[in-house]
Structure formats: C-alpha cells, structure tokens
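Shown next: entry35.txt, containing compact mmCIF, C-alpha atoms.
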```
# COMPACT_ATOMS: atom_id res chain seq x y z
CA MET L 1 -182.79 156.28 -27.14
CA TYR L 2 -179.75 157.49 -29.08
CA TYR L 3 -180.09 158.18 -32.80
CA THR L 4 -177.55 159.39 -35.30
CA PRO L 5 -178.39 161.84 -38.10
CA LEU L 6 -178.04 159.11 -40.73
CA GLN L 7 -179.88 156.41 -38.82
CA ARG L 8 -183.26 157.69 -37.67
CA GLY L 9 -185.45 154.91 -36.35
CA ASN L 10 -182.59 152.49 -35.68
CA PRO L 11 -181.25 153.26 -32.18
CA LEU L 12 -177.90 152.06 -30.88
CA THR L 13 -177.85 150.00 -27.71
CA LYS L 14 -175.99 151.18 -24.62
CA GLN L 15 -173.23 148.64 -25.34
CA GLU L 16 -172.89 149.81 -28.96
CA ARG L 17 -172.75 153.48 -27.93
CA SER L 18 -170.13 152.68 -25.29
CA TRP L 19 -168.02 150.77 -27.82
CA VAL L 20 -168.22 153.59 -30.38
CA LEU L 21 -167.25 156.14 -27.73
CA TYR L 22 -163.89 154.45 -27.15
CA ASP L 23 -162.86 155.37 -30.71
CA TRP L 24 -163.77 158.96 -29.81
CA ALA L 25 -161.67 158.57 -26.65
CA ASN L 26 -158.46 156.99 -27.93
CA SER L 27 -158.10 158.84 -31.27
CA VAL L 28 -156.57 161.76 -29.39
CA TYR L 29 -153.50 159.56 -28.84
CA SER L 30 -153.07 159.08 -32.59
CA MET L 31 -153.43 162.79 -33.33
CA VAL L 32 -151.31 164.20 -30.49
CA ILE L 33 -148.75 161.48 -29.71
CA THR L 34 -148.33 159.44 -32.89
CA VAL L 35 -148.81 161.97 -35.69
CA GLY L 36 -149.05 165.57 -34.54
CA ILE L 37 -147.38 167.06 -31.49
CA PHE L 38 -145.00 164.56 -29.89
CA PRO L 39 -142.98 163.83 -33.07
CA ILE L 40 -142.34 167.57 -33.50
CA PHE L 41 -141.57 167.91 -29.78
CA PHE L 42 -139.05 165.07 -30.05
CA LYS L 43 -137.25 166.43 -33.10
CA THR L 44 -137.23 170.13 -32.22
CA PHE L 45 -136.74 169.97 -28.43
CA VAL L 46 -135.76 166.57 -27.03
CA ALA L 47 -133.29 165.71 -29.81
CA GLU L 48 -132.52 169.28 -30.84
CA SER L 49 -128.76 168.69 -30.78
CA MET L 50 -129.04 165.82 -33.29
CA ASP L 51 -129.03 166.27 -37.04
CA ASP L 52 -132.35 165.61 -38.76
CA GLN L 53 -131.33 162.26 -40.25
CA THR L 54 -130.18 160.86 -36.89
CA SER L 55 -133.27 161.95 -34.94
CA THR L 56 -135.51 160.61 -37.71
CA PHE L 57 -133.66 157.30 -37.59
CA TYR L 58 -134.14 156.97 -33.82
CA TRP L 59 -137.81 157.97 -34.09
CA ALA L 60 -138.40 155.41 -36.83
CA THR L 61 -136.54 152.75 -34.83
CA ALA L 62 -138.71 153.33 -31.74
CA ASN L 63 -141.86 152.95 -33.83
CA THR L 64 -140.52 149.81 -35.50
CA VAL L 65 -139.54 148.17 -32.19
CA ALA L 66 -142.91 148.94 -30.59
CA ALA L 67 -144.78 147.65 -33.66
CA PHE L 68 -142.66 144.50 -33.72
CA VAL L 69 -143.28 143.80 -30.02
CA MET L 70 -147.02 144.17 -30.50
CA ALA L 71 -147.02 142.09 -33.68
CA ILE L 72 -145.32 139.21 -31.85
CA MET L 73 -147.56 139.50 -28.79
CA ALA L 74 -150.87 140.08 -30.58
CA PRO L 75 -151.98 136.53 -31.46
CA ILE L 76 -150.81 135.18 -28.08
CA LEU L 77 -152.70 137.92 -26.24
CA GLY L 78 -155.68 137.19 -28.43
CA ALA L 79 -155.67 133.53 -27.53
CA LEU L 80 -155.43 134.43 -23.83
CA ALA L 81 -158.28 136.93 -24.10
CA ASP L 82 -160.67 134.45 -25.71
CA ARG L 83 -160.93 132.62 -22.39
CA LYS L 84 -164.01 133.59 -20.37
CA GLY L 85 -163.61 136.87 -18.49
CA ASN L 86 -160.10 137.64 -19.76
CA LYS L 87 -160.81 140.15 -22.52
CA MET L 88 -161.71 143.11 -20.29
CA ARG L 89 -158.91 142.35 -17.82
CA LEU L 90 -156.31 142.40 -20.60
CA PHE L 91 -157.88 145.49 -22.16
CA LEU L 92 -157.62 147.32 -18.84
CA GLY L 93 -154.01 146.24 -18.36
CA PHE L 94 -152.89 147.73 -21.68
CA PHE L 95 -155.24 150.70 -21.32
CA PHE L 96 -153.67 151.76 -18.02
CA LEU L 97 -150.18 151.04 -19.34
CA GLY L 98 -150.89 153.45 -22.19
CA LEU L 99 -152.34 156.13 -19.92
CA ILE L 100 -149.56 156.05 -17.32
CA SER L 101 -146.72 156.02 -19.86
CA THR L 102 -148.33 158.82 -21.90
CA LEU L 103 -148.58 160.90 -18.74
CA ALA L 104 -144.91 160.15 -18.08
CA LEU L 105 -144.01 162.03 -21.29
CA VAL L 106 -144.54 165.19 -19.23
CA THR L 107 -141.29 164.39 -17.37
CA VAL L 108 -139.16 164.36 -20.53
CA SER L 109 -136.51 167.09 -20.69
CA GLN L 110 -134.20 168.36 -23.40
CA GLY L 111 -131.53 165.87 -24.42
CA GLN L 112 -133.33 162.85 -22.91
CA TRP L 113 -133.95 161.30 -26.31
CA LEU L 114 -133.46 157.68 -25.20
CA TYR L 115 -135.68 158.07 -22.14
CA SER L 116 -138.37 159.77 -24.20
CA LEU L 117 -138.34 157.05 -26.86
CA ILE L 118 -138.57 154.29 -24.24
CA ILE L 119 -141.57 155.99 -22.62
CA TYR L 120 -143.13 156.61 -26.03
CA GLY L 121 -142.56 152.98 -27.05
CA ILE L 122 -144.25 151.71 -23.88
CA SER L 123 -147.20 154.07 -24.42
CA SER L 124 -147.51 152.85 -28.01
CA ILE L 125 -147.59 149.23 -26.84
CA GLY L 126 -150.28 150.13 -24.30
CA PHE L 127 -152.34 151.99 -26.89
CA TYR L 128 -152.19 149.35 -29.63
CA GLY L 129 -152.55 146.48 -27.16
CA ALA L 130 -155.82 147.95 -25.91
CA VAL L 131 -156.98 148.37 -29.52
CA ILE L 132 -156.72 144.61 -30.13
CA PHE L 133 -159.24 143.88 -27.39
CA TYR L 134 -161.38 146.88 -28.26
CA ASP L 135 -161.65 145.75 -31.89
CA SER L 136 -162.60 142.22 -30.85
CA PHE L 137 -165.36 143.52 -28.53
CA ILE L 138 -167.33 144.38 -31.67
CA VAL L 139 -168.60 140.79 -31.86
CA ASP L 140 -169.83 141.09 -28.26
CA VAL L 141 -171.73 144.37 -28.61
CA SER L 142 -173.35 144.14 -32.05
CA GLU L 143 -175.29 141.78 -34.26
CA GLU L 144 -173.73 140.76 -37.56
CA GLU L 145 -176.19 142.70 -39.72
CA ASN L 146 -175.40 145.95 -37.87
CA ARG L 147 -171.64 145.56 -37.64
CA ASP L 148 -170.64 147.58 -40.72
CA TRP L 149 -172.55 150.56 -39.35
CA ILE L 150 -171.18 150.23 -35.81
CA SER L 151 -167.59 149.93 -37.05
CA ALA L 152 -168.07 152.97 -39.30
CA MET L 153 -169.55 154.90 -36.38
CA GLY L 154 -166.43 154.16 -34.34
CA PHE L 155 -164.03 155.41 -36.99
CA GLY L 156 -166.27 158.34 -37.92
CA TRP L 157 -166.67 159.72 -34.40
CA GLY L 158 -163.04 158.86 -33.74
CA TYR L 159 -161.90 161.40 -36.34
CA ILE L 160 -163.81 164.17 -34.57
CA GLY L 161 -162.85 162.92 -31.12
CA GLY L 162 -159.17 163.09 -32.03
CA THR L 163 -159.38 166.46 -33.77
CA ILE L 164 -161.12 168.47 -31.02
CA PRO L 165 -158.43 168.09 -28.31
CA PHE L 166 -155.71 168.26 -30.99
CA LEU L 167 -156.93 171.70 -32.13
CA PHE L 168 -157.16 172.86 -28.51
CA ALA L 169 -153.60 171.67 -27.86
CA ILE L 170 -152.30 173.34 -31.05
CA GLY L 171 -154.00 176.56 -29.95
CA LEU L 172 -152.20 176.40 -26.59
CA ILE L 173 -148.83 175.81 -28.24
CA LEU L 174 -149.17 178.48 -30.93
CA GLY L 175 -150.52 180.97 -28.39
CA ALA L 176 -147.94 180.21 -25.71
CA GLU L 177 -146.59 183.75 -25.32
CA PRO L 178 -149.96 185.60 -25.37
CA LEU L 179 -151.16 183.11 -22.74
CA GLY L 180 -148.23 183.99 -20.47
CA PHE L 181 -145.91 181.02 -21.06
CA GLU L 182 -142.20 181.68 -21.55
CA SER L 183 -142.03 179.06 -24.29
CA SER L 184 -144.10 176.31 -25.86
CA LEU L 185 -142.60 173.67 -23.52
CA TRP L 186 -145.36 173.65 -20.90
CA PRO L 187 -148.21 174.03 -23.40
CA THR L 188 -146.78 170.94 -25.10
CA ARG L 189 -146.67 169.08 -21.79
CA ILE L 190 -150.24 170.19 -21.12
CA ALA L 191 -151.16 168.68 -24.50
CA PHE L 192 -149.93 165.30 -23.18
CA ILE L 193 -152.04 165.74 -20.03
CA ILE L 194 -155.08 166.64 -22.15
CA THR L 195 -154.50 163.44 -24.13
CA VAL L 196 -154.57 161.31 -20.97
CA VAL L 197 -157.63 163.04 -19.49
CA TRP L 198 -159.63 162.85 -22.74
CA TRP L 199 -158.65 159.23 -23.40
CA ALA L 200 -159.41 158.11 -19.83
CA GLY L 201 -162.62 160.07 -19.36
CA PHE L 202 -164.40 158.96 -22.51
CA SER L 203 -163.33 155.33 -21.99
CA ILE L 204 -165.45 154.98 -18.84
CA PRO L 205 -168.65 153.91 -20.69
CA LEU L 206 -166.82 151.05 -22.43
CA ILE L 207 -165.36 149.84 -19.14
CA ARG L 208 -168.72 150.06 -17.36
CA ASN L 209 -171.09 148.74 -20.03
CA VAL L 210 -169.25 146.35 -22.35
CA ARG L 211 -168.78 142.71 -21.39
CA GLN L 212 -167.38 139.65 -23.13
CA VAL L 213 -170.25 137.55 -24.52
CA HIS L 214 -168.43 135.09 -26.79
CA PHE L 215 -165.58 133.08 -25.32
CA VAL L 216 -163.81 129.73 -25.22
CA GLU L 217 -164.39 127.46 -22.22
CA SER L 218 -161.54 125.18 -21.24
CA ASP L 219 -160.14 123.44 -18.16
CA GLU L 220 -156.57 123.44 -19.46
CA PRO L 221 -153.94 125.65 -17.76
CA LEU L 222 -154.33 129.19 -19.14
CA PHE L 223 -150.99 129.73 -20.87
CA ALA L 224 -150.61 126.15 -22.06
CA GLU L 225 -154.12 126.22 -23.53
CA SER L 226 -153.59 129.60 -25.18
CA PHE L 227 -150.30 128.63 -26.83
CA GLY L 228 -151.85 125.31 -27.87
CA ARG L 229 -154.85 127.06 -29.40
CA LEU L 230 -152.57 129.45 -31.30
CA TRP L 231 -150.54 126.52 -32.64
CA ARG L 232 -153.73 124.71 -33.71
CA THR L 233 -154.90 127.83 -35.51
CA LEU L 234 -151.68 128.00 -37.51
CA LYS L 235 -151.79 124.27 -38.27
CA GLN L 236 -155.41 124.57 -39.41
CA ALA L 237 -154.62 127.45 -41.76
CA SER L 238 -156.14 125.53 -44.67
CA LYS L 239 -159.48 125.49 -42.81
CA HIS L 240 -159.24 129.24 -42.44
CA ARG L 241 -158.03 129.89 -45.99
CA ASN L 242 -160.74 132.48 -46.58
CA ILE L 243 -159.59 134.47 -43.54
CA PHE L 244 -155.95 134.44 -44.56
CA ILE L 245 -156.76 135.48 -48.14
CA PHE L 246 -158.55 138.47 -46.67
CA LEU L 247 -155.59 139.24 -44.38
CA VAL L 248 -153.17 139.27 -47.33
CA ALA L 249 -155.53 141.50 -49.33
CA PHE L 250 -155.92 143.75 -46.28
CA PHE L 251 -152.14 143.90 -45.80
CA LEU L 252 -151.65 145.13 -49.37
CA TYR L 253 -154.31 147.80 -49.65
CA ILE L 254 -154.02 149.05 -46.05
CA ASP L 255 -150.24 149.33 -46.61
CA GLY L 256 -151.10 151.72 -49.43
CA VAL L 257 -153.55 153.61 -47.21
CA HIS L 258 -151.01 154.01 -44.39
CA THR L 259 -148.28 155.03 -46.81
CA VAL L 260 -150.47 157.76 -48.31
CA ILE L 261 -151.17 159.04 -44.78
CA LYS L 262 -147.55 158.99 -43.68
CA MET L 263 -146.13 160.41 -46.92
CA SER L 264 -148.70 163.19 -47.31
CA THR L 265 -146.85 165.70 -45.10
CA SER L 266 -143.55 165.15 -46.89
CA PHE L 267 -145.34 165.39 -50.22
CA ALA L 268 -146.94 168.68 -49.14
CA ILE L 269 -143.52 170.11 -48.31
CA ASP L 270 -142.15 168.92 -51.66
CA ILE L 271 -144.80 170.84 -53.61
CA GLY L 272 -144.25 173.96 -51.52
CA LEU L 273 -147.18 174.04 -49.08
CA THR L 274 -146.72 176.25 -46.02
CA GLN L 275 -146.76 174.73 -42.53
CA SER L 276 -150.16 176.27 -41.78
CA ALA L 277 -151.61 174.91 -45.02
CA THR L 278 -150.21 171.46 -44.25
CA ILE L 279 -151.76 171.44 -40.76
CA GLY L 280 -154.99 172.75 -42.26
CA ALA L 281 -155.04 169.89 -44.75
CA LEU L 282 -154.42 167.36 -41.96
CA VAL L 283 -157.39 168.70 -40.00
CA TRP L 284 -159.51 168.88 -43.15
CA VAL L 285 -158.93 165.16 -43.79
CA GLN L 286 -160.33 164.37 -40.33
CA PHE L 287 -163.50 166.41 -40.87
CA VAL L 288 -164.11 164.91 -44.31
CA ALA L 289 -163.45 161.42 -42.95
CA PHE L 290 -166.11 161.78 -40.24
CA PRO L 291 -169.27 161.93 -42.40
CA SER L 292 -167.66 159.78 -45.09
CA ALA L 293 -167.09 156.89 -42.68
CA LEU L 294 -170.74 157.08 -41.60
CA ILE L 295 -171.93 157.19 -45.21
CA TYR L 296 -169.81 154.12 -46.01
CA GLY L 297 -171.33 152.31 -43.04
CA LYS L 298 -174.85 153.26 -44.07
CA LEU L 299 -174.36 152.21 -47.69
CA ALA L 300 -172.72 148.94 -46.61
CA LYS L 301 -175.99 147.96 -44.91
CA ARG L 302 -177.67 148.13 -48.31
CA PHE L 303 -174.96 147.02 -50.73
CA GLY L 304 -172.59 145.00 -48.51
CA ALA L 305 -169.07 145.69 -47.22
CA LYS L 306 -167.08 144.31 -50.16
CA PRO L 307 -168.59 146.56 -52.87
CA LEU L 308 -167.93 149.61 -50.69
CA LEU L 309 -164.36 148.44 -50.06
CA TYR L 310 -163.88 148.24 -53.82
CA VAL L 311 -165.06 151.86 -54.05
CA GLY L 312 -162.62 152.91 -51.32
CA VAL L 313 -159.66 151.10 -52.87
CA ALA L 314 -160.53 152.53 -56.30
CA THR L 315 -160.60 156.02 -54.77
CA TYR L 316 -157.04 155.51 -53.56
CA VAL L 317 -155.99 154.40 -57.03
CA PHE L 318 -157.33 157.72 -58.32
CA VAL L 319 -155.55 159.57 -55.48
CA THR L 320 -152.16 158.20 -56.54
CA ILE L 321 -152.83 159.25 -60.14
CA PHE L 322 -154.06 162.70 -59.10
CA ALA L 323 -150.98 163.17 -56.86
CA TYR L 324 -148.77 162.73 -59.92
CA PHE L 325 -150.25 165.91 -61.41
CA THR L 326 -150.54 167.91 -58.15
CA ASN L 327 -148.52 171.14 -57.95
CA GLU L 328 -150.76 173.71 -56.25
CA THR L 329 -152.20 174.10 -52.76
CA TRP L 330 -155.79 173.84 -53.97
CA GLN L 331 -154.95 170.57 -55.75
CA PHE L 332 -153.49 169.18 -52.53
CA PHE L 333 -156.73 170.02 -50.71
CA VAL L 334 -158.69 168.24 -53.44
CA MET L 335 -156.46 165.22 -52.89
CA ALA L 336 -156.96 165.53 -49.11
CA THR L 337 -160.71 165.52 -49.67
CA MET L 338 -160.50 162.30 -51.69
CA ILE L 339 -158.30 160.68 -49.04
CA GLY L 340 -160.69 161.71 -46.26
CA SER L 341 -163.68 160.41 -48.21
CA ALA L 342 -162.23 156.91 -48.44
CA GLN L 343 -159.95 156.54 -45.40
CA GLY L 344 -162.56 155.89 -42.72
CA GLY L 345 -164.68 153.68 -44.96
CA VAL L 346 -161.79 151.41 -45.92
CA GLN L 347 -160.61 151.07 -42.31
CA SER L 348 -164.03 150.57 -40.73
CA LEU L 349 -165.44 148.14 -43.31
CA SER L 350 -162.23 146.09 -43.26
CA ARG L 351 -162.70 145.66 -39.51
CA SER L 352 -166.40 144.77 -39.74
CA LEU L 353 -165.94 142.40 -42.70
CA PHE L 354 -163.15 140.59 -40.85
CA SER L 355 -165.37 140.28 -37.77
CA ARG L 356 -167.91 138.38 -39.89
CA LEU L 357 -165.33 136.00 -41.35
CA ILE L 358 -163.95 134.79 -38.03
CA PRO L 359 -165.50 132.47 -35.42
CA LYS L 360 -166.97 134.60 -32.61
CA ALA L 361 -165.56 132.50 -29.77
CA ASN L 362 -162.03 133.01 -31.15
CA ALA L 363 -162.52 136.66 -32.07
CA THR L 364 -159.65 138.16 -30.05
CA GLU L 365 -157.15 135.58 -31.27
CA PHE L 366 -158.02 136.31 -34.89
CA PHE L 367 -157.98 140.05 -34.25
CA GLY L 368 -154.45 139.45 -32.98
CA PHE L 369 -153.55 138.22 -36.47
CA TYR L 370 -155.45 141.18 -37.93
CA ASP L 371 -153.29 143.45 -35.79
CA ILE L 372 -150.10 141.76 -37.03
CA PHE L 373 -151.00 142.40 -40.66
CA GLY L 374 -152.06 145.95 -39.80
CA LYS L 375 -148.85 146.69 -37.87
CA PHE L 376 -146.55 145.44 -40.63
CA ALA L 377 -148.64 147.24 -43.25
CA THR L 378 -146.23 150.13 -43.73
CA VAL L 379 -143.37 147.94 -44.83
CA LEU L 380 -143.83 147.68 -48.59
CA GLY L 381 -145.36 151.08 -49.33
CA PRO L 382 -142.69 153.51 -48.06
CA GLN L 383 -139.94 151.29 -49.46
CA LEU L 384 -141.70 151.13 -52.82
CA VAL L 385 -142.10 154.91 -52.92
CA GLY L 386 -138.46 155.45 -51.94
CA VAL L 387 -136.94 152.99 -54.40
CA VAL L 388 -139.02 154.20 -57.35
CA ALA L 389 -138.41 157.85 -56.47
CA ILE L 390 -134.64 157.32 -56.33
CA ALA L 391 -134.60 155.22 -59.49
CA THR L 392 -136.61 157.76 -61.50
CA GLY L 393 -135.53 160.96 -59.75
CA ASP L 394 -139.15 162.01 -59.09
CA THR L 395 -141.17 161.52 -55.88
CA ARG L 396 -144.38 161.62 -57.91
CA ASN L 397 -143.39 158.40 -59.63
CA GLY L 398 -142.88 156.84 -56.21
CA VAL L 399 -146.38 157.82 -55.11
CA LEU L 400 -147.82 156.59 -58.40
CA SER L 401 -146.21 153.18 -57.81
CA LEU L 402 -148.59 152.62 -54.88
CA ILE L 403 -151.21 151.67 -57.47
CA VAL L 404 -149.64 148.21 -57.42
CA LEU L 405 -150.61 147.68 -53.76
CA PHE L 406 -154.18 148.86 -54.25
CA VAL L 407 -154.73 146.82 -57.42
CA LEU L 408 -153.28 143.61 -55.95
CA GLY L 409 -155.17 144.07 -52.68
CA GLY L 410 -158.42 144.73 -54.50
CA ALA L 411 -157.90 141.71 -56.76
CA LEU L 412 -157.34 139.39 -53.79
CA LEU L 413 -160.39 140.82 -52.06
CA THR L 414 -162.55 139.46 -54.89
CA LEU L 415 -161.57 135.94 -53.78
CA VAL L 416 -162.86 136.42 -50.23
CA ARG L 417 -166.19 134.74 -49.44
CA GLU L 418 -168.39 136.50 -46.91
CA GLU L 419 -169.00 133.51 -44.67
CA PRO L 420 -167.82 132.71 -41.12
CA SER L 421 -165.05 130.20 -40.46
CA ALA L 422 -165.42 127.20 -38.17
CA GLU L 423 -164.41 127.58 -34.53
CA ILE L 424 -161.08 126.19 -33.34
CA VAL L 425 -161.54 123.00 -31.41
```

Take the structure from the file and write it as structure tokens.
Amino acid sequence: MYYTPLQRGNPLTKQERSWVLYDWANSVYSMVITVGIFPIFFKTFVAESMDDQTSTFYWATANTVAAFVMAIMAPILGALADRKGNKMRLFLGFFFLGLISTLALVTVSQGQWLYSLIIYGISSIGFYGAVIFYDSFIVDVSEEENRDWISAMGFGWGYIGGTIPFLFAIGLILGAEPLGFESSLWPTRIAFIITVVWWAGFSIPLIRNVRQVHFVESDEPLFAESFGRLWRTLKQASKHRNIFIFLVAFFLYIDGVHTVIKMSTSFAIDIGLTQSATIGALVWVQFVAFPSALIYGKLAKRFGAKPLLYVGVATYVFVTIFAYFTNETWQFFVMATMIGSAQGGVQSLSRSLFSRLIPKANATEFFGFYDIFGKFATVLGPQLVGVVAIATGDTRNGVLSLIVLFVLGGALLTLVREEPSAEIV
C-alpha cells in the first residue's frame, strides 16, 4: 500500500494515486511553457526584432485568445463528457493535442512569432482542456470525506513535479556552452522535449487506472442532448444558487491569487532583485507550496475546507499589506514564503469544495463552469493594480488594492452552504 508522510494508516487507492500523479505529470507544462522558459524564448529569440511592448502585446493576446476559446468550450465539453464513457475519450483528445503541439514548439525558428504563438495557443488549449476532465475525475476516484486530502495531494506533488524538470532544463540552458552547445537554442528546444516526455510518461497511470464512475444516461442524440442539458443548467440557475455563489467568490479571490503570481516577477524587478534571486524565489515558492498544500489538505479533514480557505485568503490579505512595505531581497523571500504557504491550499481546497457542491453525474459540466471562472480570473486583478498604480504613481498601492478582491471573495464564501446540489434532469 502507498502511504504519505502525513497520512500514515490511511492508504491511497490505485485510482487515487493515479489521479494525483497526473498533477505531477502536467505541472511541467505550467513551469516550462506557461511561466518559465517559453515566454523568455519568445521575447528574446523568436520576437527579438520587436520592441518589448509589441512582443508583450502579442504574447498577452495569444494567452487571451486561448483562454477565451477554452472558456467558451468548457461547459459544452463538460456536458458532452458527462455522458457514459465520454470523459476519458475527451481527456485523451485534448491530452494528445497538448503533447503534439508542445513538441511542435521545437520547430519554431527566429522571426516566426505568429507561427510560434499559434502553436503555443493550440498547446494551451490542449493542456487546459485536459485539465477540465482531469479535475472532474476527482468525483470518480475518491469518496467525499477524502476529497480535500486527495485534491491537496495533487497540487502538492504537482509543485514538485513541475519544479524538477524545470530545474534540469534551466541547468541545460545556463550551462549551454560548457556542455558543448553553440548557444542556448538547442538546450531550450530540449526543454520542450523534456516537457512532453515528462508529461506523457507520468500520465500513463491515470490513463490505465482511472475510469468514469458517475455519468448521465440518455438516449438523445449526443450533441443535441449536451446542448440541451447545458441550457437547462443555465435556466435552473436558481436551483444551483449555492454553486454560483461559490463560483463568484472563487472568481474574486482566485483572481487575486493569480494576479499575485503573475505580478510577482515584475514586482521583484521593481524593488531591484537580480535575475538569479527572482528565479530562486520562484523555485522557493514551489517547494514551500508542496508541504503547505498537504498540510492544508490534512487540516481540512479535521476542520473542514471552508475554514482553511478563510485562512488562505487571509494570508493573501497579509501578503498584499506586507508587499507595500517590501524593499529588500530578504523581505521578498518572506513574502514568497507566505505566498507558497497559501497558494496550494487555496487552489486545492477550492477544487475539492466545489466537487462536493455539484451533482456527481454532472461533474464535468459543472467543472466546465469552474474552468470558465478560473480562466477569466485574471481580468480584474491586473487591471486594478495597473489603474491604481497609475493613479497614485506607486506600484505598491496597486498591489495593496488587491485586498478588495480577497475581502469580497472571502465575504461571499461565508454564504456558501456545504451541501450538494440536485442533479440536472
């Protein structure tokens, strides 16, 4: 049997272990392609001839378009996947789309900015599309009382699973010349190959061992039934009021979480951190987030998910206040520690709490809505930071303004009842 250090005597099943391992597998995409290596590769090599503002605009546009496509598709895909036997098929479709298009990034050459962004956009759709079905599999692999822990395990091991290949790839790139490469171009391309191999290899247990248990049975034509079910869900919003209150609360506080993550590098540069210190802080967040996510999951079994979510949201409130007074490198690492301590817990417990609010048979459809709110949850935060920073002439005031999102999200969370919603009929 498989035991974790924090859970002696309570073994995970094969299905639960396989589900958790996919977070370990796919987090390399987030670290290498979304956040770490590919954005730098795009700006410094692919779009080298562009000025910084133009390349940033195109990069932001590609991310926005991919997120918008997934946000529109998510609830429809969810409704399709809730039919018997469809969830794994759709997962595999997006999974292989993500793998193949990520591998295609190896073919990108200097100046091919449009081609590279198209390939990146397709890989992003594949990655996030697979995540919808992966998230919804949690109701198939775990019992309700164990779900907080399983979700936390996924995020916790995911931080380590993304960091290990990321560090190896960074080592290749920084050591390009001593390793015999003429430049960092091929080490960067090898980093993309490593991403595909890691992601694919550690996904095998999920594909082999996880199966859809909860589903909707219907004799209606597939697409007609799926669109009809989606329309009925929207019309019956009043019956699912508790779910939608949670989604609005989630949208607000997770917007703050994502904004803190995305603004942290720029903030580090503003206060004078070196590039090595900034990368070090990014890696440090991942290592702090690993045990913290597991601790959140363990404590949630005793105290419940909502109280721990309050703790996580409150931690972010303190982070925004602390950032206002941060000027030194050591202070930034203290802030990174606080972020890492709460990040995994907030993300994992939000997922597990949502899984308990929704009807199991319609899990993928509702996780489609969850994905919509998650995808658009970087709309208010960056804009709020930018507007306040320009109006006051100080970026710290912009970061401090994020308190509004955390306070409003936390307040709405108090209205959420921890009880499942009725199935769609």

Subject >> 7 Å contact set for Ala130 (chain L), all atoms listed in the file, chain neighbours under 4 positions out, as JSON, numbers by chain >> reply: {"L": [91, 94, 95, 126, 134]}

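Of the listed residues L:Ser276, L:Gln15, L:Ser341, L:Asn63, the one whose atoms come nearest to Leu308 (chain L) is L:Ser341, with distances taken using all atoms listed in the file.
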
**OP:** Using only C-alpha atoms, determine which residues lie at most 12 Å from Gln110 (chain L), disregarding the query and same-chain residues fewer than 5 positions distant; provide the list as an MDAnalysis selection string.
**Re:** chainID L and resid 41:50 105 115:116 185

Subject >> Separation of CA of Leu402 (chain L) from CA of Val35 (chain L), in Å and rounded to one decimal >> reply: 21.3 Å

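One distance worth recording is that between CA of Gln347 (chain L) and CA of Gly201 (chain L), which is 24.7 Å.
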
Subject >> Expected residue set, 12 Å radius at (-161.9, 135.2, -45.9), only C-alpha atoms, as a ChimeraX atom specification >> reply: /L:237-250,306,350,353-359,366,370,412-422

With 8 Å added on each side, what axis-aligned box encloses every listed atom of region 276-286 of chain L? Give the centre and edge lengths in Å to one decimal, as JSON.
```
{"center_x": -155.2, "center_y": 170.3, "center_z": -42.5, "size_x": 26.2, "size_y": 27.9, "size_z": 21.0}
```

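Closest to Ile150 (chain L) among L:Ser136, L:Ser203, L:Asn26, L:Ser348 is L:Ser348, based on only C-alpha atoms.
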